[in-house]
>>> print(open('protein.cif').read())   # mmCIF, C-alpha atoms
data_structure
#
loop_
_atom_site.group_PDB
_atom_site.id
_atom_site.type_symbol
_atom_site.label_atom_id
_atom_site.label_comp_id
_atom_site.auth_asym_id
_atom_site.auth_seq_id
_atom_site.Cartn_x
_atom_site.Cartn_y
_atom_site.Cartn_z
ATOM 1 C CA MET A 133 0.000 0.000 0.000
ATOM 2 C CA GLU A 134 1.347 3.341 -1.079
ATOM 3 C CA ASN A 135 2.041 6.013 1.570
ATOM 4 C CA ARG A 136 0.346 9.187 0.339
ATOM 5 C CA ASN A 137 1.423 11.414 3.250
ATOM 6 C CA PRO A 138 3.769 13.581 1.138
ATOM 7 C CA GLN A 139 0.941 14.286 -1.329
ATOM 8 C CA LEU A 140 -1.425 15.149 1.519
ATOM 9 C CA GLN A 141 1.096 17.564 3.055
ATOM 10 C CA ARG A 142 1.598 19.330 -0.300
ATOM 11 C CA ALA A 143 -2.174 19.530 -0.824
ATOM 12 C CA ILE A 144 -2.668 21.081 2.635
ATOM 13 C CA LYS A 145 -0.079 23.759 1.830
ATOM 14 C CA VAL A 146 -1.612 24.581 -1.554
ATOM 15 C CA LEU A 147 -5.172 24.642 -0.212
ATOM 16 C CA GLY A 148 -4.101 26.684 2.824
ATOM 17 C CA ALA A 149 -2.513 29.290 0.562
ATOM 18 C CA ARG A 150 -5.699 29.382 -1.547
ATOM 19 C CA GLN A 151 -7.833 29.838 1.570
ATOM 20 C CA ARG A 152 -5.613 32.681 2.861
ATOM 21 C CA GLN A 153 -5.843 34.309 -0.564
ATOM 22 C CA HIS A 154 -9.655 34.346 -0.380
ATOM 23 C CA ALA A 155 -10.091 34.798 3.382
ATOM 24 C CA GLN A 156 -13.551 35.937 4.308
ATOM 25 C CA ALA A 157 -13.872 38.839 6.726
ATOM 26 C CA VAL A 158 -16.994 37.447 8.388
ATOM 27 C CA ARG A 159 -15.727 34.170 9.832
ATOM 28 C CA PRO A 160 -13.543 31.441 8.415
ATOM 29 C CA GLN A 161 -15.256 28.179 7.527
ATOM 30 C CA ALA A 162 -13.811 24.836 8.517
ATOM 31 C CA THR A 163 -12.370 22.913 5.585
ATOM 32 C CA LYS A 164 -12.744 19.163 5.330
ATOM 33 C CA LEU A 165 -10.203 17.270 3.218
ATOM 34 C CA VAL A 166 -11.386 14.283 1.194
ATOM 35 C CA ASP A 167 -9.198 11.765 -0.636
ATOM 36 C CA LYS A 168 -10.856 11.248 -4.021
ATOM 37 C CA THR A 169 -10.287 9.966 -7.545
ATOM 38 C CA PHE A 170 -11.898 11.770 -10.459
ATOM 39 C CA TYR A 171 -12.349 9.547 -13.506
ATOM 40 C CA ILE A 172 -13.754 9.514 -16.985
ATOM 41 C CA ASN A 173 -14.187 6.494 -19.263
ATOM 42 C CA VAL A 174 -14.396 7.168 -22.997
ATOM 43 C CA LYS A 175 -14.630 5.206 -26.211
ATOM 44 C CA VAL A 176 -11.673 6.362 -28.322
ATOM 45 C CA ASP A 177 -12.081 4.388 -31.550
ATOM 46 C CA GLY A 178 -12.572 6.818 -34.428
ATOM 47 C CA MET A 179 -11.001 9.772 -32.570
ATOM 48 C CA SER A 180 -8.555 12.136 -34.275
ATOM 49 C CA GLY A 181 -7.526 15.775 -33.945
ATOM 50 C CA ILE A 182 -8.424 17.530 -30.667
ATOM 51 C CA ASN A 183 -11.154 15.940 -28.510
ATOM 52 C CA GLN A 184 -12.800 17.508 -25.453
ATOM 53 C CA LEU A 185 -13.287 14.707 -22.909
ATOM 54 C CA VAL A 186 -15.279 16.860 -20.459
ATOM 55 C CA ASP A 187 -17.611 19.753 -21.248
ATOM 56 C CA SER A 188 -20.660 21.501 -19.814
ATOM 57 C CA ASN A 189 -22.879 18.612 -21.004
ATOM 58 C CA THR A 190 -20.896 15.941 -19.133
ATOM 59 C CA LYS A 191 -23.163 14.256 -16.589
ATOM 60 C CA LYS A 192 -22.075 12.250 -13.578
ATOM 61 C CA LEU A 193 -22.928 8.612 -14.293
ATOM 62 C CA VAL A 194 -21.579 5.670 -12.294
ATOM 63 C CA GLY A 195 -19.301 3.584 -14.499
ATOM 64 C CA VAL A 196 -18.745 6.417 -16.976
ATOM 65 C CA THR A 197 -17.543 9.480 -15.027
ATOM 66 C CA ASN A 198 -17.801 11.251 -11.698
ATOM 67 C CA PHE A 199 -17.332 14.666 -13.340
ATOM 68 C CA ASP A 200 -20.560 16.664 -13.407
ATOM 69 C CA GLY A 201 -19.971 19.252 -16.109
ATOM 70 C CA ASN A 202 -16.725 21.125 -16.618
ATOM 71 C CA LEU A 203 -16.550 23.038 -13.359
ATOM 72 C CA LEU A 204 -16.424 22.086 -9.716
ATOM 73 C CA ASN A 205 -19.146 23.122 -7.267
ATOM 74 C CA SER A 206 -18.609 26.153 -5.042
ATOM 75 C CA GLY A 207 -16.322 25.462 -2.082
ATOM 76 C CA ARG A 208 -14.723 22.364 -3.661
ATOM 77 C CA ASP A 209 -11.179 23.115 -4.777
ATOM 78 C CA VAL A 210 -8.983 20.108 -5.546
ATOM 79 C CA VAL A 211 -5.250 19.501 -5.687
ATOM 80 C CA ILE A 212 -4.173 16.838 -8.177
ATOM 81 C CA ASP A 213 -1.337 14.605 -6.994
ATOM 82 C CA SER A 214 -1.259 11.824 -9.601
ATOM 83 C CA ILE A 215 -2.732 10.549 -12.843
ATOM 84 C CA ARG A 216 -3.032 7.268 -14.711
ATOM 85 C CA THR A 217 -4.583 5.974 -17.892
ATOM 86 C CA LEU A 218 -5.906 2.499 -18.571
ATOM 87 C CA PHE A 219 -6.822 1.059 -21.972
ATOM 88 C CA THR A 220 -8.850 -1.960 -22.981
ATOM 89 C CA SER A 221 -10.591 -3.470 -25.959
ATOM 90 C CA SER A 222 -12.393 -5.909 -23.657
ATOM 91 C CA GLY A 223 -16.066 -4.993 -23.247
ATOM 92 C CA THR A 224 -18.923 -3.688 -25.345
ATOM 93 C CA SER A 225 -19.304 -0.238 -23.731
ATOM 94 C CA VAL A 226 -17.529 2.044 -21.251
ATOM 95 C CA GLU A 227 -19.899 0.831 -18.505
ATOM 96 C CA ASN A 228 -18.662 -2.764 -18.766
ATOM 97 C CA ALA A 229 -15.082 -2.322 -20.004
ATOM 98 C CA ASN A 230 -12.543 -4.607 -18.303
ATOM 99 C CA TRP A 231 -10.109 -2.187 -16.631
ATOM 100 C CA GLN A 232 -8.206 -5.104 -15.060
ATOM 101 C CA ASN A 233 -6.987 -5.904 -18.540
ATOM 102 C CA THR A 234 -3.244 -5.262 -18.885
ATOM 103 C CA GLU A 235 -3.204 -4.032 -22.470
ATOM 104 C CA ARG A 236 -0.422 -1.685 -23.463
ATOM 105 C CA ILE A 237 -1.132 1.770 -24.801
ATOM 106 C CA PRO A 238 -2.343 1.391 -28.405
ATOM 107 C CA ALA A 239 -0.040 2.693 -31.139
ATOM 108 C CA GLU A 240 -2.535 5.373 -32.229
ATOM 109 C CA LEU A 241 -2.536 6.859 -28.728
ATOM 110 C CA GLN A 242 1.195 6.665 -27.980
ATOM 111 C CA ASN A 243 1.929 10.083 -29.468
ATOM 112 C CA ALA A 244 -1.291 11.787 -28.378
ATOM 113 C CA ASP A 245 -1.154 14.530 -25.755
ATOM 114 C CA MET A 246 -3.471 14.938 -22.744
ATOM 115 C CA ARG A 247 -4.052 18.407 -21.338
ATOM 116 C CA LEU A 248 -5.927 19.842 -18.368
ATOM 117 C CA ILE A 249 -6.569 23.562 -18.813
ATOM 118 C CA GLN A 250 -8.422 25.977 -16.530
ATOM 119 C CA THR A 251 -9.034 29.628 -17.443
ATOM 120 C CA ASN A 252 -6.216 29.522 -20.027
ATOM 121 C CA ASP A 253 -3.749 28.104 -17.468
ATOM 122 C CA MET A 254 -2.138 24.815 -18.498
ATOM 123 C CA LEU A 255 -2.310 22.651 -15.362
ATOM 124 C CA ILE A 256 -1.193 19.364 -16.946
ATOM 125 C CA ASP A 257 0.334 18.764 -20.395
ATOM 126 C CA LEU A 258 1.609 15.202 -20.869
ATOM 127 C CA PRO A 259 2.074 12.709 -23.678
ATOM 128 C CA MET A 260 -0.152 9.677 -23.198
ATOM 129 C CA THR A 261 2.896 7.405 -22.860
ATOM 130 C CA ASP A 262 3.743 9.321 -19.674
ATOM 131 C CA THR A 263 0.387 8.513 -18.049
ATOM 132 C CA GLN A 264 0.631 4.747 -18.216
ATOM 133 C CA ASN A 265 3.461 2.556 -16.931
ATOM 134 C CA PHE A 266 1.814 -0.668 -18.120
ATOM 135 C CA LYS A 267 0.869 -1.797 -14.600
ATOM 136 C CA ASP A 268 -2.629 -1.507 -13.116
ATOM 137 C CA SER A 269 -1.527 0.068 -9.852
ATOM 138 C CA ASP A 270 0.859 2.720 -11.214
ATOM 139 C CA HIS A 271 -0.119 6.350 -10.948
ATOM 140 C CA ARG A 272 2.171 8.998 -12.379
ATOM 141 C CA PRO A 273 2.922 11.583 -9.655
ATOM 142 C CA ILE A 274 2.233 15.226 -10.554
ATOM 143 C CA ALA A 275 4.988 17.162 -8.771
ATOM 144 C CA THR A 276 3.524 20.619 -9.418
ATOM 145 C CA THR A 277 0.393 19.922 -7.309
ATOM 146 C CA PRO A 278 -1.959 21.742 -9.692
ATOM 147 C CA LEU A 279 -4.975 23.383 -8.078
ATOM 148 C CA LEU A 280 -8.294 22.916 -9.891
ATOM 149 C CA ARG A 281 -10.411 25.806 -8.623
ATOM 150 C CA ALA A 282 -14.154 25.657 -7.933
ATOM 151 C CA LYS A 283 -16.639 27.555 -10.118
ATOM 152 C CA GLU A 284 -14.113 28.032 -12.955
ATOM 153 C CA GLU A 285 -14.479 26.114 -16.213
ATOM 154 C CA PHE A 286 -11.810 23.592 -17.169
ATOM 155 C CA LYS A 287 -11.050 21.441 -20.202
ATOM 156 C CA ILE A 288 -9.591 17.972 -20.514
ATOM 157 C CA GLU A 289 -8.265 17.542 -24.048
ATOM 158 C CA LEU A 290 -6.872 14.592 -25.937
ATOM 159 C CA GLU A 291 -4.938 15.679 -29.047
ATOM 160 C CA PHE A 292 -3.765 13.235 -31.691
ATOM 161 C CA PRO A 293 -0.901 13.897 -34.106
ATOM 162 C CA LYS A 294 -1.920 15.249 -37.507
ATOM 163 C CA GLY A 295 -3.156 12.460 -39.773
ATOM 164 C CA VAL A 296 -3.601 9.886 -36.983
ATOM 165 C CA THR A 297 -7.043 8.357 -36.402
ATOM 166 C CA VAL A 298 -7.840 5.549 -33.982
ATOM 167 C CA PRO A 299 -9.262 2.729 -36.156
ATOM 168 C CA VAL A 300 -12.978 1.935 -36.008
ATOM 169 C CA GLY A 301 -14.221 -1.632 -35.765
ATOM 170 C CA LYS A 302 -12.863 -3.181 -32.596
ATOM 171 C CA PRO A 303 -13.993 -1.040 -29.615
ATOM 172 C CA LEU A 304 -11.191 0.705 -27.718
ATOM 173 C CA PHE A 305 -11.847 2.277 -24.315
ATOM 174 C CA MET A 306 -9.725 4.618 -22.196
ATOM 175 C CA ARG A 307 -10.035 5.372 -18.480
ATOM 176 C CA LEU A 308 -8.393 8.572 -17.238
ATOM 177 C CA GLU A 309 -8.000 8.896 -13.445
ATOM 178 C CA PHE A 310 -6.879 11.867 -11.361
ATOM 179 C CA ARG A 311 -6.065 11.239 -7.694
ATOM 180 C CA VAL A 312 -6.924 14.392 -5.800
ATOM 181 C CA THR A 313 -7.290 15.911 -2.373
ATOM 182 C CA GLU A 314 -10.607 17.764 -2.301
ATOM 183 C CA ALA A 315 -11.237 20.649 0.075
ATOM 184 C CA LYS A 316 -14.914 20.950 1.053
ATOM 185 C CA LYS A 317 -16.161 24.029 2.860
#
>>> encode(input="protein.cif", output="C-alpha coordinates")
Amino acid sequence: MENRNPQLQRAIKVLGARQRQHAQAVRPQATKLVDKTFYINVKVDGMSGINQLVDSNTKKLVGVTNFDGNLLNSGRDVVIDSIRTLFTSSGTSVENANWQNTERIPAELQNADMRLIQTNDMLIDLPMTDTQNFKDSDHRPIATTPLLRAKEEFKIELEFPKGVTVPVGKPLFMRLEFRVTEAKK
(Lines of atoms letter the chains of each structure in order from A and count residues from 1; the text may use other names and numbers.)
(Lines give C-alpha, C1' and ligand atoms only; values in the text may rest on other atoms or scores of the structure.)
Protein backbone atom coordinates (compact mmCIF):
# COMPACT_ATOMS: atom_id res chain seq x y z
CA MET A 1 0.00 0.00 0.00
CA GLU A 2 1.35 3.34 -1.08
CA ASN A 3 2.04 6.01 1.57
CA ARG A 4 0.35 9.19 0.34
CA ASN A 5 1.42 11.41 3.25
CA PRO A 6 3.77 13.58 1.14
CA GLN A 7 0.94 14.29 -1.33
CA LEU A 8 -1.42 15.15 1.52
CA GLN A 9 1.10 17.56 3.05
CA ARG A 10 1.60 19.33 -0.30
CA ALA A 11 -2.17 19.53 -0.82
CA ILE A 12 -2.67 21.08 2.63
CA LYS A 13 -0.08 23.76 1.83
CA VAL A 14 -1.61 24.58 -1.55
CA LEU A 15 -5.17 24.64 -0.21
CA GLY A 16 -4.10 26.68 2.82
CA ALA A 17 -2.51 29.29 0.56
CA ARG A 18 -5.70 29.38 -1.55
CA GLN A 19 -7.83 29.84 1.57
CA ARG A 20 -5.61 32.68 2.86
CA GLN A 21 -5.84 34.31 -0.56
CA HIS A 22 -9.65 34.35 -0.38
CA ALA A 23 -10.09 34.80 3.38
CA GLN A 24 -13.55 35.94 4.31
CA ALA A 25 -13.87 38.84 6.73
CA VAL A 26 -16.99 37.45 8.39
CA ARG A 27 -15.73 34.17 9.83
CA PRO A 28 -13.54 31.44 8.41
CA GLN A 29 -15.26 28.18 7.53
CA ALA A 30 -13.81 24.84 8.52
CA THR A 31 -12.37 22.91 5.58
CA LYS A 32 -12.74 19.16 5.33
CA LEU A 33 -10.20 17.27 3.22
CA VAL A 34 -11.39 14.28 1.19
CA ASP A 35 -9.20 11.76 -0.64
CA LYS A 36 -10.86 11.25 -4.02
CA THR A 37 -10.29 9.97 -7.54
CA PHE A 38 -11.90 11.77 -10.46
CA TYR A 39 -12.35 9.55 -13.51
CA ILE A 40 -13.75 9.51 -16.98
CA ASN A 41 -14.19 6.49 -19.26
CA VAL A 42 -14.40 7.17 -23.00
CA LYS A 43 -14.63 5.21 -26.21
CA VAL A 44 -11.67 6.36 -28.32
CA ASP A 45 -12.08 4.39 -31.55
CA GLY A 46 -12.57 6.82 -34.43
CA MET A 47 -11.00 9.77 -32.57
CA SER A 48 -8.56 12.14 -34.27
CA GLY A 49 -7.53 15.78 -33.95
CA ILE A 50 -8.42 17.53 -30.67
CA ASN A 51 -11.15 15.94 -28.51
CA GLN A 52 -12.80 17.51 -25.45
CA LEU A 53 -13.29 14.71 -22.91
CA VAL A 54 -15.28 16.86 -20.46
CA ASP A 55 -17.61 19.75 -21.25
CA SER A 56 -20.66 21.50 -19.81
CA ASN A 57 -22.88 18.61 -21.00
CA THR A 58 -20.90 15.94 -19.13
CA LYS A 59 -23.16 14.26 -16.59
CA LYS A 60 -22.07 12.25 -13.58
CA LEU A 61 -22.93 8.61 -14.29
CA VAL A 62 -21.58 5.67 -12.29
CA GLY A 63 -19.30 3.58 -14.50
CA VAL A 64 -18.75 6.42 -16.98
CA THR A 65 -17.54 9.48 -15.03
CA ASN A 66 -17.80 11.25 -11.70
CA PHE A 67 -17.33 14.67 -13.34
CA ASP A 68 -20.56 16.66 -13.41
CA GLY A 69 -19.97 19.25 -16.11
CA ASN A 70 -16.72 21.12 -16.62
CA LEU A 71 -16.55 23.04 -13.36
CA LEU A 72 -16.42 22.09 -9.72
CA ASN A 73 -19.15 23.12 -7.27
CA SER A 74 -18.61 26.15 -5.04
CA GLY A 75 -16.32 25.46 -2.08
CA ARG A 76 -14.72 22.36 -3.66
CA ASP A 77 -11.18 23.11 -4.78
CA VAL A 78 -8.98 20.11 -5.55
CA VAL A 79 -5.25 19.50 -5.69
CA ILE A 80 -4.17 16.84 -8.18
CA ASP A 81 -1.34 14.61 -6.99
CA SER A 82 -1.26 11.82 -9.60
CA ILE A 83 -2.73 10.55 -12.84
CA ARG A 84 -3.03 7.27 -14.71
CA THR A 85 -4.58 5.97 -17.89
CA LEU A 86 -5.91 2.50 -18.57
CA PHE A 87 -6.82 1.06 -21.97
CA THR A 88 -8.85 -1.96 -22.98
CA SER A 89 -10.59 -3.47 -25.96
CA SER A 90 -12.39 -5.91 -23.66
CA GLY A 91 -16.07 -4.99 -23.25
CA THR A 92 -18.92 -3.69 -25.34
CA SER A 93 -19.30 -0.24 -23.73
CA VAL A 94 -17.53 2.04 -21.25
CA GLU A 95 -19.90 0.83 -18.51
CA ASN A 96 -18.66 -2.76 -18.77
CA ALA A 97 -15.08 -2.32 -20.00
CA ASN A 98 -12.54 -4.61 -18.30
CA TRP A 99 -10.11 -2.19 -16.63
CA GLN A 100 -8.21 -5.10 -15.06
CA ASN A 101 -6.99 -5.90 -18.54
CA THR A 102 -3.24 -5.26 -18.88
CA GLU A 103 -3.20 -4.03 -22.47
CA ARG A 104 -0.42 -1.69 -23.46
CA ILE A 105 -1.13 1.77 -24.80
CA PRO A 106 -2.34 1.39 -28.40
CA ALA A 107 -0.04 2.69 -31.14
CA GLU A 108 -2.53 5.37 -32.23
CA LEU A 109 -2.54 6.86 -28.73
CA GLN A 110 1.20 6.66 -27.98
CA ASN A 111 1.93 10.08 -29.47
CA ALA A 112 -1.29 11.79 -28.38
CA ASP A 113 -1.15 14.53 -25.76
CA MET A 114 -3.47 14.94 -22.74
CA ARG A 115 -4.05 18.41 -21.34
CA LEU A 116 -5.93 19.84 -18.37
CA ILE A 117 -6.57 23.56 -18.81
CA GLN A 118 -8.42 25.98 -16.53
CA THR A 119 -9.03 29.63 -17.44
CA ASN A 120 -6.22 29.52 -20.03
CA ASP A 121 -3.75 28.10 -17.47
CA MET A 122 -2.14 24.81 -18.50
CA LEU A 123 -2.31 22.65 -15.36
CA ILE A 124 -1.19 19.36 -16.95
CA ASP A 125 0.33 18.76 -20.40
CA LEU A 126 1.61 15.20 -20.87
CA PRO A 127 2.07 12.71 -23.68
CA MET A 128 -0.15 9.68 -23.20
CA THR A 129 2.90 7.41 -22.86
CA ASP A 130 3.74 9.32 -19.67
CA THR A 131 0.39 8.51 -18.05
CA GLN A 132 0.63 4.75 -18.22
CA ASN A 133 3.46 2.56 -16.93
CA PHE A 134 1.81 -0.67 -18.12
CA LYS A 135 0.87 -1.80 -14.60
CA ASP A 136 -2.63 -1.51 -13.12
CA SER A 137 -1.53 0.07 -9.85
CA ASP A 138 0.86 2.72 -11.21
CA HIS A 139 -0.12 6.35 -10.95
CA ARG A 140 2.17 9.00 -12.38
CA PRO A 141 2.92 11.58 -9.66
CA ILE A 142 2.23 15.23 -10.55
CA ALA A 143 4.99 17.16 -8.77
CA THR A 144 3.52 20.62 -9.42
CA THR A 145 0.39 19.92 -7.31
CA PRO A 146 -1.96 21.74 -9.69
CA LEU A 147 -4.98 23.38 -8.08
CA LEU A 148 -8.29 22.92 -9.89
CA ARG A 149 -10.41 25.81 -8.62
CA ALA A 150 -14.15 25.66 -7.93
CA LYS A 151 -16.64 27.55 -10.12
CA GLU A 152 -14.11 28.03 -12.96
CA GLU A 153 -14.48 26.11 -16.21
CA PHE A 154 -11.81 23.59 -17.17
CA LYS A 155 -11.05 21.44 -20.20
CA ILE A 156 -9.59 17.97 -20.51
CA GLU A 157 -8.26 17.54 -24.05
CA LEU A 158 -6.87 14.59 -25.94
CA GLU A 159 -4.94 15.68 -29.05
CA PHE A 160 -3.77 13.23 -31.69
CA PRO A 161 -0.90 13.90 -34.11
CA LYS A 162 -1.92 15.25 -37.51
CA GLY A 163 -3.16 12.46 -39.77
CA VAL A 164 -3.60 9.89 -36.98
CA THR A 165 -7.04 8.36 -36.40
CA VAL A 166 -7.84 5.55 -33.98
CA PRO A 167 -9.26 2.73 -36.16
CA VAL A 168 -12.98 1.94 -36.01
CA GLY A 169 -14.22 -1.63 -35.76
CA LYS A 170 -12.86 -3.18 -32.60
CA PRO A 171 -13.99 -1.04 -29.61
CA LEU A 172 -11.19 0.71 -27.72
CA PHE A 173 -11.85 2.28 -24.32
CA MET A 174 -9.73 4.62 -22.20
CA ARG A 175 -10.03 5.37 -18.48
CA LEU A 176 -8.39 8.57 -17.24
CA GLU A 177 -8.00 8.90 -13.45
CA PHE A 178 -6.88 11.87 -11.36
CA ARG A 179 -6.07 11.24 -7.69
CA VAL A 180 -6.92 14.39 -5.80
CA THR A 181 -7.29 15.91 -2.37
CA GLU A 182 -10.61 17.76 -2.30
CA ALA A 183 -11.24 20.65 0.07
CA LYS A 184 -14.91 20.95 1.05
CA LYS A 185 -16.16 24.03 2.86
>>> residues_around(input="protein.cif", residues="segment 172-187 of chain A", least_positions_apart="5", cutoff="10 Å", atoms="only C-alpha atoms", output="PyMOL selection string")
chain A and resi 192-203+217-221+224-227+229+231+240-241+244-247+285-310
>>> atom_distance(input="protein.cif", atom1="atom CA of Ile215 of chain A", atom2="atom CA of Ile274 of chain A")
7.2 Å
>>> atom_distance(input="protein.cif", atom1="atom CA of Leu165 of chain A", atom2="atom CA of Arg272 of chain A")
21.6 Å
>>> closest_residue(input="protein.cif", among="A:Thr163, A:Thr169, A:Asn243, A:Thr276", to="Leu255 of chain A", atoms="only C-alpha atoms")
A:Thr276
>>> closest_residue(input="protein.cif", among="A:Arg142, A:Arg216, A:Lys164, A:Arg281", to="Thr251 of chain A", atoms="all atoms listed in the file")
A:Arg281
>>> atom_distance(input="protein.cif", atom1="atom CA of Gly207 of chain A", atom2="atom CA of Ala315 of chain A")
7.3 Å
>>> residues_around(input="protein.cif", residues="Asp209 of chain A", least_positions_apart="2", cutoff="12 Å", atoms="only C-alpha atoms", output="MDAnalysis selection string")
chainID A and resid 143:144 146:151 163:166 168 203:207 211:212 278:284 312:317
>>> decode(input="protein.cif", residues="segment 218-229 of chain A", atoms="all heavy atoms", output="PDB file, in the first residue's frame")
ATOM      1  N   LEU A 218      -5.758   3.915 -18.262  1.00  0.00           N
ATOM      2  CA  LEU A 218      -5.906   2.499 -18.571  1.00  0.00           C
ATOM      3  C   LEU A 218      -6.576   2.370 -19.934  1.00  0.00           C
ATOM      4  O   LEU A 218      -7.391   3.217 -20.314  1.00  0.00           O
ATOM      5  CB  LEU A 218      -6.766   1.808 -17.516  1.00  0.00           C
ATOM      6  CG  LEU A 218      -6.263   1.855 -16.072  1.00  0.00           C
ATOM      7  CD1 LEU A 218      -7.330   1.336 -15.119  1.00  0.00           C
ATOM      8  CD2 LEU A 218      -4.988   1.079 -15.926  1.00  0.00           C
ATOM      9  N   PHE A 219      -6.237   1.316 -20.660  1.00  0.00           N
ATOM     10  CA  PHE A 219      -6.822   1.059 -21.972  1.00  0.00           C
ATOM     11  C   PHE A 219      -7.305  -0.376 -22.017  1.00  0.00           C
ATOM     12  O   PHE A 219      -6.716  -1.252 -21.403  1.00  0.00           O
ATOM     13  CB  PHE A 219      -5.775   1.236 -23.081  1.00  0.00           C
ATOM     14  CG  PHE A 219      -5.206   2.614 -23.115  1.00  0.00           C
ATOM     15  CD1 PHE A 219      -4.037   2.907 -22.445  1.00  0.00           C
ATOM     16  CD2 PHE A 219      -5.857   3.621 -23.807  1.00  0.00           C
ATOM     17  CE1 PHE A 219      -3.518   4.186 -22.460  1.00  0.00           C
ATOM     18  CE2 PHE A 219      -5.351   4.902 -23.826  1.00  0.00           C
ATOM     19  CZ  PHE A 219      -4.175   5.183 -23.155  1.00  0.00           C
ATOM     20  N   THR A 220      -8.374  -0.596 -22.779  1.00  0.00           N
ATOM     21  CA  THR A 220      -8.850  -1.960 -22.981  1.00  0.00           C
ATOM     22  C   THR A 220      -9.687  -2.032 -24.245  1.00  0.00           C
ATOM     23  O   THR A 220     -10.315  -1.046 -24.641  1.00  0.00           O
ATOM     24  CB  THR A 220      -9.659  -2.475 -21.776  1.00  0.00           C
ATOM     25  OG1 THR A 220      -9.936  -3.855 -21.958  1.00  0.00           O
ATOM     26  CG2 THR A 220     -10.950  -1.713 -21.590  1.00  0.00           C
ATOM     27  N   SER A 221      -9.670  -3.198 -24.852  1.00  0.00           N
ATOM     28  CA  SER A 221     -10.591  -3.470 -25.959  1.00  0.00           C
ATOM     29  C   SER A 221     -11.558  -4.567 -25.523  1.00  0.00           C
ATOM     30  O   SER A 221     -12.308  -5.096 -26.331  1.00  0.00           O
ATOM     31  CB  SER A 221      -9.820  -3.883 -27.214  1.00  0.00           C
ATOM     32  OG  SER A 221      -8.987  -4.988 -26.929  1.00  0.00           O
ATOM     33  N   SER A 222     -11.533  -4.876 -24.216  1.00  0.00           N
ATOM     34  CA  SER A 222     -12.393  -5.909 -23.657  1.00  0.00           C
ATOM     35  C   SER A 222     -13.650  -5.267 -23.072  1.00  0.00           C
ATOM     36  O   SER A 222     -13.575  -4.504 -22.114  1.00  0.00           O
ATOM     37  CB  SER A 222     -11.637  -6.663 -22.565  1.00  0.00           C
ATOM     38  OG  SER A 222     -12.460  -7.623 -21.977  1.00  0.00           O
ATOM     39  N   GLY A 223     -14.793  -5.541 -23.681  1.00  0.00           N
ATOM     40  CA  GLY A 223     -16.066  -4.993 -23.247  1.00  0.00           C
ATOM     41  C   GLY A 223     -16.823  -4.452 -24.450  1.00  0.00           C
ATOM     42  O   GLY A 223     -16.251  -4.245 -25.517  1.00  0.00           O
ATOM     43  N   THR A 224     -18.104  -4.202 -24.244  1.00  0.00           N
ATOM     44  CA  THR A 224     -18.923  -3.688 -25.345  1.00  0.00           C
ATOM     45  C   THR A 224     -19.259  -2.214 -25.187  1.00  0.00           C
ATOM     46  O   THR A 224     -19.727  -1.586 -26.121  1.00  0.00           O
ATOM     47  CB  THR A 224     -20.235  -4.495 -25.456  1.00  0.00           C
ATOM     48  OG1 THR A 224     -20.918  -4.434 -24.196  1.00  0.00           O
ATOM     49  CG2 THR A 224     -19.956  -5.939 -25.840  1.00  0.00           C
ATOM     50  N   SER A 225     -19.043  -1.657 -23.980  1.00  0.00           N
ATOM     51  CA  SER A 225     -19.304  -0.238 -23.731  1.00  0.00           C
ATOM     52  C   SER A 225     -18.421   0.214 -22.568  1.00  0.00           C
ATOM     53  O   SER A 225     -17.828  -0.601 -21.871  1.00  0.00           O
ATOM     54  CB  SER A 225     -20.775  -0.023 -23.385  1.00  0.00           C
ATOM     55  OG  SER A 225     -21.072  -0.623 -22.141  1.00  0.00           O
ATOM     56  N   VAL A 226     -18.356   1.534 -22.346  1.00  0.00           N
ATOM     57  CA  VAL A 226     -17.529   2.044 -21.251  1.00  0.00           C
ATOM     58  C   VAL A 226     -18.030   1.578 -19.892  1.00  0.00           C
ATOM     59  O   VAL A 226     -17.251   1.444 -18.957  1.00  0.00           O
ATOM     60  CB  VAL A 226     -17.403   3.587 -21.267  1.00  0.00           C
ATOM     61  CG1 VAL A 226     -16.620   4.058 -22.463  1.00  0.00           C
ATOM     62  CG2 VAL A 226     -18.742   4.267 -21.189  1.00  0.00           C
ATOM     63  N   GLU A 227     -19.332   1.284 -19.784  1.00  0.00           N
ATOM     64  CA  GLU A 227     -19.899   0.831 -18.505  1.00  0.00           C
ATOM     65  C   GLU A 227     -19.456  -0.573 -18.131  1.00  0.00           C
ATOM     66  O   GLU A 227     -19.457  -0.923 -16.952  1.00  0.00           O
ATOM     67  CB  GLU A 227     -21.432   0.861 -18.531  1.00  0.00           C
ATOM     68  CG  GLU A 227     -22.044   2.225 -18.648  1.00  0.00           C
ATOM     69  CD  GLU A 227     -22.232   2.685 -20.090  1.00  0.00           C
ATOM     70  OE1 GLU A 227     -21.745   2.021 -21.035  1.00  0.00           O
ATOM     71  OE2 GLU A 227     -22.860   3.733 -20.275  1.00  0.00           O
ATOM     72  N   ASN A 228     -19.079  -1.398 -19.108  1.00  0.00           N
ATOM     73  CA  ASN A 228     -18.662  -2.764 -18.766  1.00  0.00           C
ATOM     74  C   ASN A 228     -17.276  -3.110 -19.301  1.00  0.00           C
ATOM     75  O   ASN A 228     -16.945  -4.273 -19.471  1.00  0.00           O
ATOM     76  CB  ASN A 228     -19.702  -3.796 -19.230  1.00  0.00           C
ATOM     77  CG  ASN A 228     -19.746  -3.951 -20.737  1.00  0.00           C
ATOM     78  OD1 ASN A 228     -18.954  -3.379 -21.474  1.00  0.00           O
ATOM     79  ND2 ASN A 228     -20.700  -4.733 -21.208  1.00  0.00           N
ATOM     80  N   ALA A 229     -16.458  -2.088 -19.555  1.00  0.00           N
ATOM     81  CA  ALA A 229     -15.082  -2.322 -20.004  1.00  0.00           C
ATOM     82  C   ALA A 229     -14.282  -2.992 -18.890  1.00  0.00           C
ATOM     83  O   ALA A 229     -14.488  -2.716 -17.708  1.00  0.00           O
ATOM     84  CB  ALA A 229     -14.432  -1.007 -20.408  1.00  0.00           C
TER      85      ALA A 229
END
